[in-house]
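Dropping query26.txt in here (compact mmCIF, N, CA and C atoms):
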# COMPACT_ATOMS: atom_id res chain seq x y z
N MET A 1 73.79 107.70 132.51
CA MET A 1 74.38 107.16 133.72
C MET A 1 75.11 108.21 134.56
N PRO A 2 75.91 109.11 133.95
CA PRO A 2 76.59 110.10 134.79
C PRO A 2 75.66 110.94 135.64
N SER A 3 74.44 111.27 135.16
CA SER A 3 73.55 112.06 135.99
C SER A 3 73.08 111.26 137.20
N ASP A 4 72.85 109.95 137.04
CA ASP A 4 72.50 109.11 138.18
C ASP A 4 73.65 109.03 139.16
N SER A 5 74.87 108.96 138.65
CA SER A 5 76.02 108.87 139.54
C SER A 5 76.26 110.19 140.28
N ALA A 6 75.98 111.31 139.62
CA ALA A 6 76.10 112.60 140.29
C ALA A 6 75.09 112.70 141.42
N THR A 7 73.89 112.18 141.19
CA THR A 7 72.87 112.17 142.23
C THR A 7 73.29 111.30 143.39
N ALA A 8 73.88 110.15 143.11
CA ALA A 8 74.36 109.26 144.18
C ALA A 8 75.41 109.95 145.03
N LYS A 9 76.32 110.66 144.40
CA LYS A 9 77.35 111.39 145.14
C LYS A 9 76.74 112.48 146.00
N ALA A 10 75.82 113.24 145.42
CA ALA A 10 75.19 114.34 146.16
C ALA A 10 74.40 113.84 147.36
N ILE A 11 73.63 112.78 147.18
CA ILE A 11 72.84 112.23 148.28
C ILE A 11 73.75 111.71 149.39
N ALA A 12 74.80 110.99 149.01
CA ALA A 12 75.73 110.49 150.02
C ALA A 12 76.37 111.63 150.79
N GLU A 13 76.73 112.68 150.07
CA GLU A 13 77.37 113.83 150.72
C GLU A 13 76.42 114.51 151.69
N ILE A 14 75.19 114.72 151.28
CA ILE A 14 74.21 115.39 152.14
C ILE A 14 73.90 114.55 153.38
N VAL A 15 73.69 113.26 153.19
CA VAL A 15 73.32 112.40 154.31
C VAL A 15 74.48 112.22 155.29
N ALA A 16 75.71 112.16 154.79
CA ALA A 16 76.86 111.87 155.65
C ALA A 16 77.44 113.09 156.36
N LYS A 17 77.09 114.30 155.95
CA LYS A 17 77.67 115.49 156.58
C LYS A 17 77.44 115.53 158.09
N PRO A 18 76.23 115.29 158.58
CA PRO A 18 76.07 115.31 160.04
C PRO A 18 76.92 114.25 160.75
N LEU A 19 77.04 113.09 160.15
CA LEU A 19 77.87 112.04 160.74
C LEU A 19 79.33 112.47 160.83
N PHE A 20 79.85 113.04 159.76
CA PHE A 20 81.24 113.47 159.79
C PHE A 20 81.45 114.69 160.68
N GLY A 21 80.42 115.52 160.84
CA GLY A 21 80.50 116.61 161.79
C GLY A 21 80.64 116.07 163.21
N PHE A 22 79.86 115.05 163.52
CA PHE A 22 79.94 114.39 164.83
C PHE A 22 81.31 113.76 165.03
N ILE A 23 81.80 113.07 164.01
CA ILE A 23 83.11 112.43 164.10
C ILE A 23 84.21 113.47 164.28
N ALA A 24 84.12 114.58 163.54
CA ALA A 24 85.14 115.63 163.66
C ALA A 24 85.14 116.23 165.07
N ASP A 25 83.96 116.39 165.65
CA ASP A 25 83.88 116.91 167.02
C ASP A 25 84.53 115.96 168.02
N ARG A 26 84.47 114.69 167.75
CA ARG A 26 84.99 113.69 168.70
C ARG A 26 86.47 113.36 168.46
N THR A 27 86.88 113.31 167.20
CA THR A 27 88.24 112.85 166.90
C THR A 27 89.16 113.94 166.38
N GLY A 28 88.59 115.10 166.04
CA GLY A 28 89.40 116.21 165.54
C GLY A 28 89.19 116.44 164.05
N MET A 29 89.36 117.71 163.67
CA MET A 29 89.11 118.09 162.28
C MET A 29 90.17 117.53 161.33
N LYS A 30 91.43 117.57 161.74
CA LYS A 30 92.49 117.10 160.84
C LYS A 30 92.32 115.63 160.52
N ARG A 31 92.06 114.85 161.52
CA ARG A 31 91.90 113.40 161.31
C ARG A 31 90.70 113.11 160.40
N THR A 32 89.60 113.81 160.65
CA THR A 32 88.40 113.60 159.83
C THR A 32 88.63 114.03 158.40
N MET A 33 89.35 115.14 158.21
CA MET A 33 89.65 115.60 156.85
C MET A 33 90.55 114.59 156.13
N LEU A 34 91.53 114.07 156.82
CA LEU A 34 92.42 113.07 156.19
C LEU A 34 91.66 111.80 155.84
N ILE A 35 90.73 111.41 156.71
CA ILE A 35 89.90 110.24 156.41
C ILE A 35 89.05 110.51 155.17
N GLY A 36 88.48 111.71 155.10
CA GLY A 36 87.68 112.08 153.92
C GLY A 36 88.50 112.06 152.64
N LEU A 37 89.71 112.61 152.71
CA LEU A 37 90.59 112.58 151.53
C LEU A 37 90.92 111.15 151.12
N ALA A 38 91.20 110.32 152.11
CA ALA A 38 91.54 108.93 151.82
C ALA A 38 90.36 108.19 151.19
N VAL A 39 89.17 108.37 151.76
CA VAL A 39 87.98 107.69 151.22
C VAL A 39 87.72 108.16 149.79
N PHE A 40 87.77 109.48 149.57
CA PHE A 40 87.53 110.01 148.23
C PHE A 40 88.56 109.48 147.24
N SER A 41 89.83 109.49 147.62
CA SER A 41 90.91 109.07 146.72
C SER A 41 90.83 107.58 146.42
N ILE A 42 90.64 106.78 147.44
CA ILE A 42 90.56 105.33 147.24
C ILE A 42 89.32 104.97 146.42
N ALA A 43 88.21 105.66 146.69
CA ALA A 43 87.00 105.41 145.88
C ALA A 43 87.25 105.75 144.42
N SER A 44 87.97 106.86 144.18
CA SER A 44 88.27 107.24 142.80
C SER A 44 89.10 106.19 142.10
N LEU A 45 90.11 105.68 142.77
CA LEU A 45 90.94 104.63 142.20
C LEU A 45 90.15 103.33 142.05
N GLY A 46 89.18 103.13 142.94
CA GLY A 46 88.34 101.93 142.88
C GLY A 46 87.53 101.81 141.61
N PHE A 47 87.37 102.91 140.89
CA PHE A 47 86.65 102.87 139.62
C PHE A 47 87.22 101.79 138.71
N PHE A 48 88.53 101.65 138.72
CA PHE A 48 89.19 100.68 137.84
C PHE A 48 89.02 99.25 138.32
N ALA A 49 88.72 99.08 139.60
CA ALA A 49 88.56 97.73 140.15
C ALA A 49 87.13 97.21 140.01
N VAL A 50 86.14 98.09 140.10
CA VAL A 50 84.75 97.64 140.09
C VAL A 50 83.95 98.19 138.91
N ASN A 51 84.65 98.69 137.89
CA ASN A 51 83.96 99.19 136.71
C ASN A 51 83.05 98.10 136.18
N PRO A 52 81.85 98.29 135.88
CA PRO A 52 81.10 99.52 135.66
C PRO A 52 80.18 99.91 136.82
N ARG A 53 80.52 99.62 138.02
CA ARG A 53 79.67 99.99 139.16
C ARG A 53 79.90 101.45 139.55
N LEU A 54 79.59 102.34 138.64
CA LEU A 54 79.84 103.76 138.80
C LEU A 54 79.05 104.34 139.98
N LEU A 55 77.83 103.87 140.18
CA LEU A 55 77.03 104.39 141.28
C LEU A 55 77.70 104.13 142.63
N LEU A 56 78.27 102.96 142.80
CA LEU A 56 78.97 102.64 144.05
C LEU A 56 80.16 103.56 144.25
N ILE A 57 80.94 103.77 143.23
CA ILE A 57 82.12 104.64 143.32
C ILE A 57 81.70 106.06 143.67
N ARG A 58 80.68 106.56 143.00
CA ARG A 58 80.22 107.93 143.25
C ARG A 58 79.63 108.06 144.66
N LEU A 59 78.98 107.02 145.14
CA LEU A 59 78.47 107.02 146.51
C LEU A 59 79.62 107.14 147.51
N LEU A 60 80.66 106.36 147.29
CA LEU A 60 81.83 106.42 148.17
C LEU A 60 82.55 107.76 148.06
N GLN A 61 82.63 108.31 146.85
CA GLN A 61 83.21 109.64 146.70
C GLN A 61 82.40 110.66 147.48
N GLY A 62 81.10 110.52 147.47
CA GLY A 62 80.23 111.42 148.23
C GLY A 62 80.49 111.36 149.72
N LEU A 63 80.77 110.16 150.23
CA LEU A 63 81.11 110.03 151.65
C LEU A 63 82.39 110.78 151.98
N GLY A 64 83.40 110.61 151.14
CA GLY A 64 84.65 111.33 151.35
C GLY A 64 84.47 112.83 151.23
N ALA A 65 83.70 113.25 150.24
CA ALA A 65 83.45 114.68 150.05
C ALA A 65 82.68 115.27 151.22
N ALA A 66 81.80 114.49 151.84
CA ALA A 66 81.05 114.97 152.99
C ALA A 66 81.98 115.35 154.13
N ALA A 67 82.97 114.51 154.38
CA ALA A 67 83.93 114.80 155.45
C ALA A 67 84.71 116.07 155.13
N LEU A 68 85.15 116.20 153.90
CA LEU A 68 85.92 117.39 153.50
C LEU A 68 85.07 118.65 153.60
N SER A 69 83.84 118.57 153.16
CA SER A 69 82.97 119.73 153.13
C SER A 69 82.62 120.22 154.54
N ILE A 70 82.23 119.31 155.40
CA ILE A 70 81.81 119.72 156.74
C ILE A 70 83.01 120.19 157.57
N VAL A 71 84.15 119.57 157.40
CA VAL A 71 85.34 119.99 158.15
C VAL A 71 85.84 121.35 157.65
N SER A 72 85.75 121.60 156.35
CA SER A 72 86.19 122.91 155.86
C SER A 72 85.33 124.02 156.46
N ALA A 73 84.03 123.79 156.58
CA ALA A 73 83.14 124.78 157.20
C ALA A 73 83.47 124.95 158.68
N ALA A 74 83.76 123.85 159.37
CA ALA A 74 84.12 123.92 160.79
C ALA A 74 85.45 124.64 160.99
N MET A 75 86.38 124.42 160.08
CA MET A 75 87.68 125.08 160.19
C MET A 75 87.54 126.59 160.00
N VAL A 76 86.68 127.01 159.10
CA VAL A 76 86.44 128.44 158.91
C VAL A 76 85.90 129.03 160.21
N ALA A 77 84.94 128.36 160.82
CA ALA A 77 84.37 128.84 162.08
C ALA A 77 85.41 128.87 163.20
N ALA A 78 86.28 127.88 163.23
CA ALA A 78 87.27 127.79 164.31
C ALA A 78 88.42 128.78 164.14
N TYR A 79 88.89 128.96 162.92
CA TYR A 79 90.10 129.76 162.70
C TYR A 79 89.83 131.22 162.35
N PHE A 80 88.58 131.58 162.09
CA PHE A 80 88.25 132.96 161.75
C PHE A 80 87.06 133.45 162.60
N PRO A 81 87.21 133.46 163.91
CA PRO A 81 86.06 133.82 164.76
C PRO A 81 85.59 135.27 164.58
N THR A 82 86.49 136.19 164.26
CA THR A 82 86.07 137.59 164.15
C THR A 82 85.65 137.98 162.74
N SER A 83 86.07 137.22 161.75
CA SER A 83 85.69 137.51 160.36
C SER A 83 85.08 136.27 159.72
N ARG A 84 84.25 135.59 160.49
CA ARG A 84 83.67 134.32 160.05
C ARG A 84 82.84 134.45 158.78
N GLY A 85 82.06 135.51 158.67
CA GLY A 85 81.22 135.69 157.49
C GLY A 85 82.03 135.86 156.22
N GLN A 86 83.06 136.69 156.30
CA GLN A 86 83.92 136.91 155.13
C GLN A 86 84.67 135.63 154.77
N ALA A 87 85.22 134.96 155.77
CA ALA A 87 85.96 133.72 155.51
C ALA A 87 85.04 132.64 154.96
N SER A 88 83.82 132.59 155.45
CA SER A 88 82.86 131.61 154.94
C SER A 88 82.52 131.92 153.48
N GLY A 89 82.40 133.19 153.15
CA GLY A 89 82.14 133.59 151.77
C GLY A 89 83.27 133.18 150.84
N VAL A 90 84.51 133.38 151.30
CA VAL A 90 85.67 132.99 150.48
C VAL A 90 85.68 131.47 150.31
N ASN A 91 85.44 130.74 151.39
CA ASN A 91 85.41 129.27 151.32
C ASN A 91 84.34 128.80 150.34
N ASN A 92 83.16 129.36 150.42
CA ASN A 92 82.08 128.95 149.52
C ASN A 92 82.35 129.37 148.08
N ALA A 93 83.01 130.51 147.89
CA ALA A 93 83.38 130.94 146.53
C ALA A 93 84.38 129.96 145.91
N ILE A 94 85.33 129.52 146.70
CA ILE A 94 86.32 128.55 146.21
C ILE A 94 85.63 127.23 145.86
N LYS A 95 84.73 126.76 146.74
CA LYS A 95 84.00 125.53 146.45
C LYS A 95 83.16 125.68 145.19
N GLY A 96 82.48 126.82 145.06
CA GLY A 96 81.66 127.07 143.87
C GLY A 96 82.49 127.12 142.61
N ALA A 97 83.67 127.72 142.70
CA ALA A 97 84.57 127.77 141.54
C ALA A 97 84.97 126.36 141.12
N GLY A 98 85.14 125.48 142.10
CA GLY A 98 85.47 124.09 141.79
C GLY A 98 84.38 123.40 140.98
N TYR A 99 83.12 123.71 141.31
CA TYR A 99 82.01 123.13 140.55
C TYR A 99 81.97 123.64 139.11
N VAL A 100 82.47 124.86 138.90
CA VAL A 100 82.49 125.44 137.56
C VAL A 100 83.72 124.97 136.78
N ILE A 101 84.87 124.94 137.44
CA ILE A 101 86.13 124.61 136.78
C ILE A 101 86.25 123.11 136.48
N SER A 102 85.70 122.28 137.35
CA SER A 102 85.83 120.82 137.17
C SER A 102 85.36 120.33 135.81
N PRO A 103 84.19 120.71 135.33
CA PRO A 103 83.79 120.25 133.99
C PRO A 103 84.68 120.81 132.88
N VAL A 104 85.19 122.02 133.09
CA VAL A 104 86.07 122.62 132.08
C VAL A 104 87.36 121.81 131.96
N ILE A 105 87.86 121.30 133.06
CA ILE A 105 89.07 120.47 133.05
C ILE A 105 88.73 119.02 132.70
N GLY A 106 87.64 118.52 133.28
CA GLY A 106 87.26 117.11 133.07
C GLY A 106 86.82 116.79 131.67
N GLY A 107 86.16 117.73 131.01
CA GLY A 107 85.72 117.49 129.64
C GLY A 107 86.86 117.17 128.71
N PRO A 108 87.89 118.02 128.65
CA PRO A 108 89.04 117.71 127.79
C PRO A 108 89.77 116.42 128.19
N ILE A 109 89.85 116.14 129.50
CA ILE A 109 90.49 114.89 129.92
C ILE A 109 89.72 113.70 129.35
N THR A 110 88.42 113.73 129.47
CA THR A 110 87.59 112.64 128.95
C THR A 110 87.68 112.56 127.43
N TRP A 111 87.65 113.69 126.78
CA TRP A 111 87.71 113.72 125.33
C TRP A 111 89.05 113.18 124.81
N ALA A 112 90.14 113.54 125.47
CA ALA A 112 91.47 113.13 125.02
C ALA A 112 91.79 111.68 125.38
N SER A 113 91.15 111.13 126.39
CA SER A 113 91.49 109.77 126.81
C SER A 113 90.21 108.94 126.91
N ASN A 114 89.76 108.72 128.13
CA ASN A 114 88.50 108.01 128.34
C ASN A 114 87.92 108.43 129.68
N PHE A 115 86.72 107.99 129.94
CA PHE A 115 86.01 108.41 131.15
C PHE A 115 86.76 108.04 132.43
N GLY A 116 87.47 106.94 132.43
CA GLY A 116 88.20 106.49 133.61
C GLY A 116 89.32 107.43 134.04
N MET A 117 89.84 108.21 133.12
CA MET A 117 90.92 109.13 133.48
C MET A 117 90.47 110.22 134.45
N ILE A 118 89.18 110.51 134.46
CA ILE A 118 88.64 111.47 135.43
C ILE A 118 88.88 110.93 136.84
N PHE A 119 88.66 109.64 137.03
CA PHE A 119 88.82 109.04 138.35
C PHE A 119 90.29 108.96 138.74
N LEU A 120 91.15 108.75 137.76
CA LEU A 120 92.58 108.77 138.03
C LEU A 120 93.03 110.17 138.44
N ALA A 121 92.49 111.18 137.79
CA ALA A 121 92.82 112.57 138.16
C ALA A 121 92.30 112.89 139.56
N CYS A 122 91.11 112.42 139.89
CA CYS A 122 90.56 112.63 141.25
C CYS A 122 91.43 111.94 142.29
N PHE A 123 91.88 110.73 141.99
CA PHE A 123 92.76 110.02 142.91
C PHE A 123 94.05 110.81 143.12
N ALA A 124 94.65 111.25 142.03
CA ALA A 124 95.92 111.98 142.13
C ALA A 124 95.74 113.28 142.93
N ALA A 125 94.67 114.01 142.68
CA ALA A 125 94.42 115.26 143.41
C ALA A 125 94.20 114.99 144.89
N GLY A 126 93.46 113.96 145.19
CA GLY A 126 93.17 113.65 146.59
C GLY A 126 94.34 113.04 147.33
N ALA A 127 95.14 112.26 146.63
CA ALA A 127 96.26 111.58 147.28
C ALA A 127 97.49 112.49 147.45
N THR A 128 97.55 113.57 146.71
CA THR A 128 98.71 114.47 146.77
C THR A 128 98.99 114.97 148.20
N PRO A 129 97.96 115.46 148.94
CA PRO A 129 98.25 115.94 150.30
C PRO A 129 98.57 114.82 151.27
N LEU A 130 98.17 113.58 150.95
CA LEU A 130 98.42 112.48 151.86
C LEU A 130 99.88 112.09 151.83

Could the structure of this file be written out as C-alpha cells, please?
Amino acid sequence: MPSDSATAKAIAEIVAKPLFGFIADRTGMKRTMLIGLAVFSIASLGFFAVNPRLLLIRLLQGLGAAALSIVSAAMVAAYFPTSRGQASGVNNAIKGAGYVISPVIGGPITWASNFGMIFLACFAAGATPL
C-alpha cells in the first residue's frame, strides 16, 4: 500500500504544479506557499480522521507539496536573478536531501511507534511556520 500512496502523491504533485504556478502568478508566492503548507499539514492530520484511506491523504499531500515545490522554484528565480543557476542548484540539493533524509527519520519513527506517527510528524513540520 505505501508504494501506491507514494504514486498518488507524486501524480497529484506533478499534475497540480502548473495550477499552483498559475495561482501564484495571480495571488502571490507567499499566499500560495502558505496555502500549500496548510493543505499539506491538514491532509497529514487528516490521516487520523479517514484512516485507512491512505491514498486520499497522500493525494491531498501531493496537492500541498505541488504548491510548495513550484513556489520555491519561482522564488529562486525572483530573488536570485544574477545567480539563478547556483541558487537553483542549492534549492534542488536541499529538496533532494529531504528525499534521502526523510526515510532515515521516518523509519525509526514508524518502528518506535506506528505508521500514523509519520503523519503527525508531517503535520507538526508543516504547521510550525503557520

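Picture a line from CA of Gly64 in chain A to CA of Trp111 in chain A; it runs 26.3 Å.
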
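The coordinates place CA of Phe119 in chain A at 10.1 Å from CA of Gln61 in chain A.
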
Could you give me the centre and size, in Å to one decimal, of an axis-aligned box around all listed atoms of range 111-128 of chain A with 6 Å added on every side, as JSON?
{"center_x": 92.5, "center_y": 110.9, "center_z": 136.5, "size_x": 25.0, "size_y": 20.8, "size_z": 35.4}

Worksheet item: Taking (78.2, 118.8, 151.8) in the file's coordinates as the center, which residues reach within 7 Å of it, counting only N, CA and C atoms, put as a PyMOL selection string?
Response: chain A and resi 13-14+17+65-67+69-70

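Atom to atom, CA of Gly62 in chain A and CA of Pro81 in chain A stand 28.4 Å apart.
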
Worksheet entry | Distance query Leu34 in chain A at most 8 Å, all atoms listed in the file, self and fewer than 5 positions along chain excluded, as a VMD selection string | chain A and resid 28 to 29 39 to 40 67 to 68 130

Item to complete: Measuring atom to atom with only C-alpha atoms, identify which of A:Ile42, A:Val76, A:Leu120, A:Val71 is nearest to Thr27 in chain A.
Response: A:Val71

Item to complete: Find the residues near Leu45 in chain A: any atom within 12 Å, counting only C-alpha atoms, skip ones fewer than 5 places away on the same chain, and give them as number ranges by chain.
Response: A: 38-40, 50-51, 54, 57-58, 60-61, 116-127

Item to complete: Compare A:Ala93, A:Ala16, A:Leu63, A:Lys9 by their minimum atom-to-atom distance to Leu37 in chain A, counting all atoms listed in the file, and give me the closest one.
Response: A:Leu63
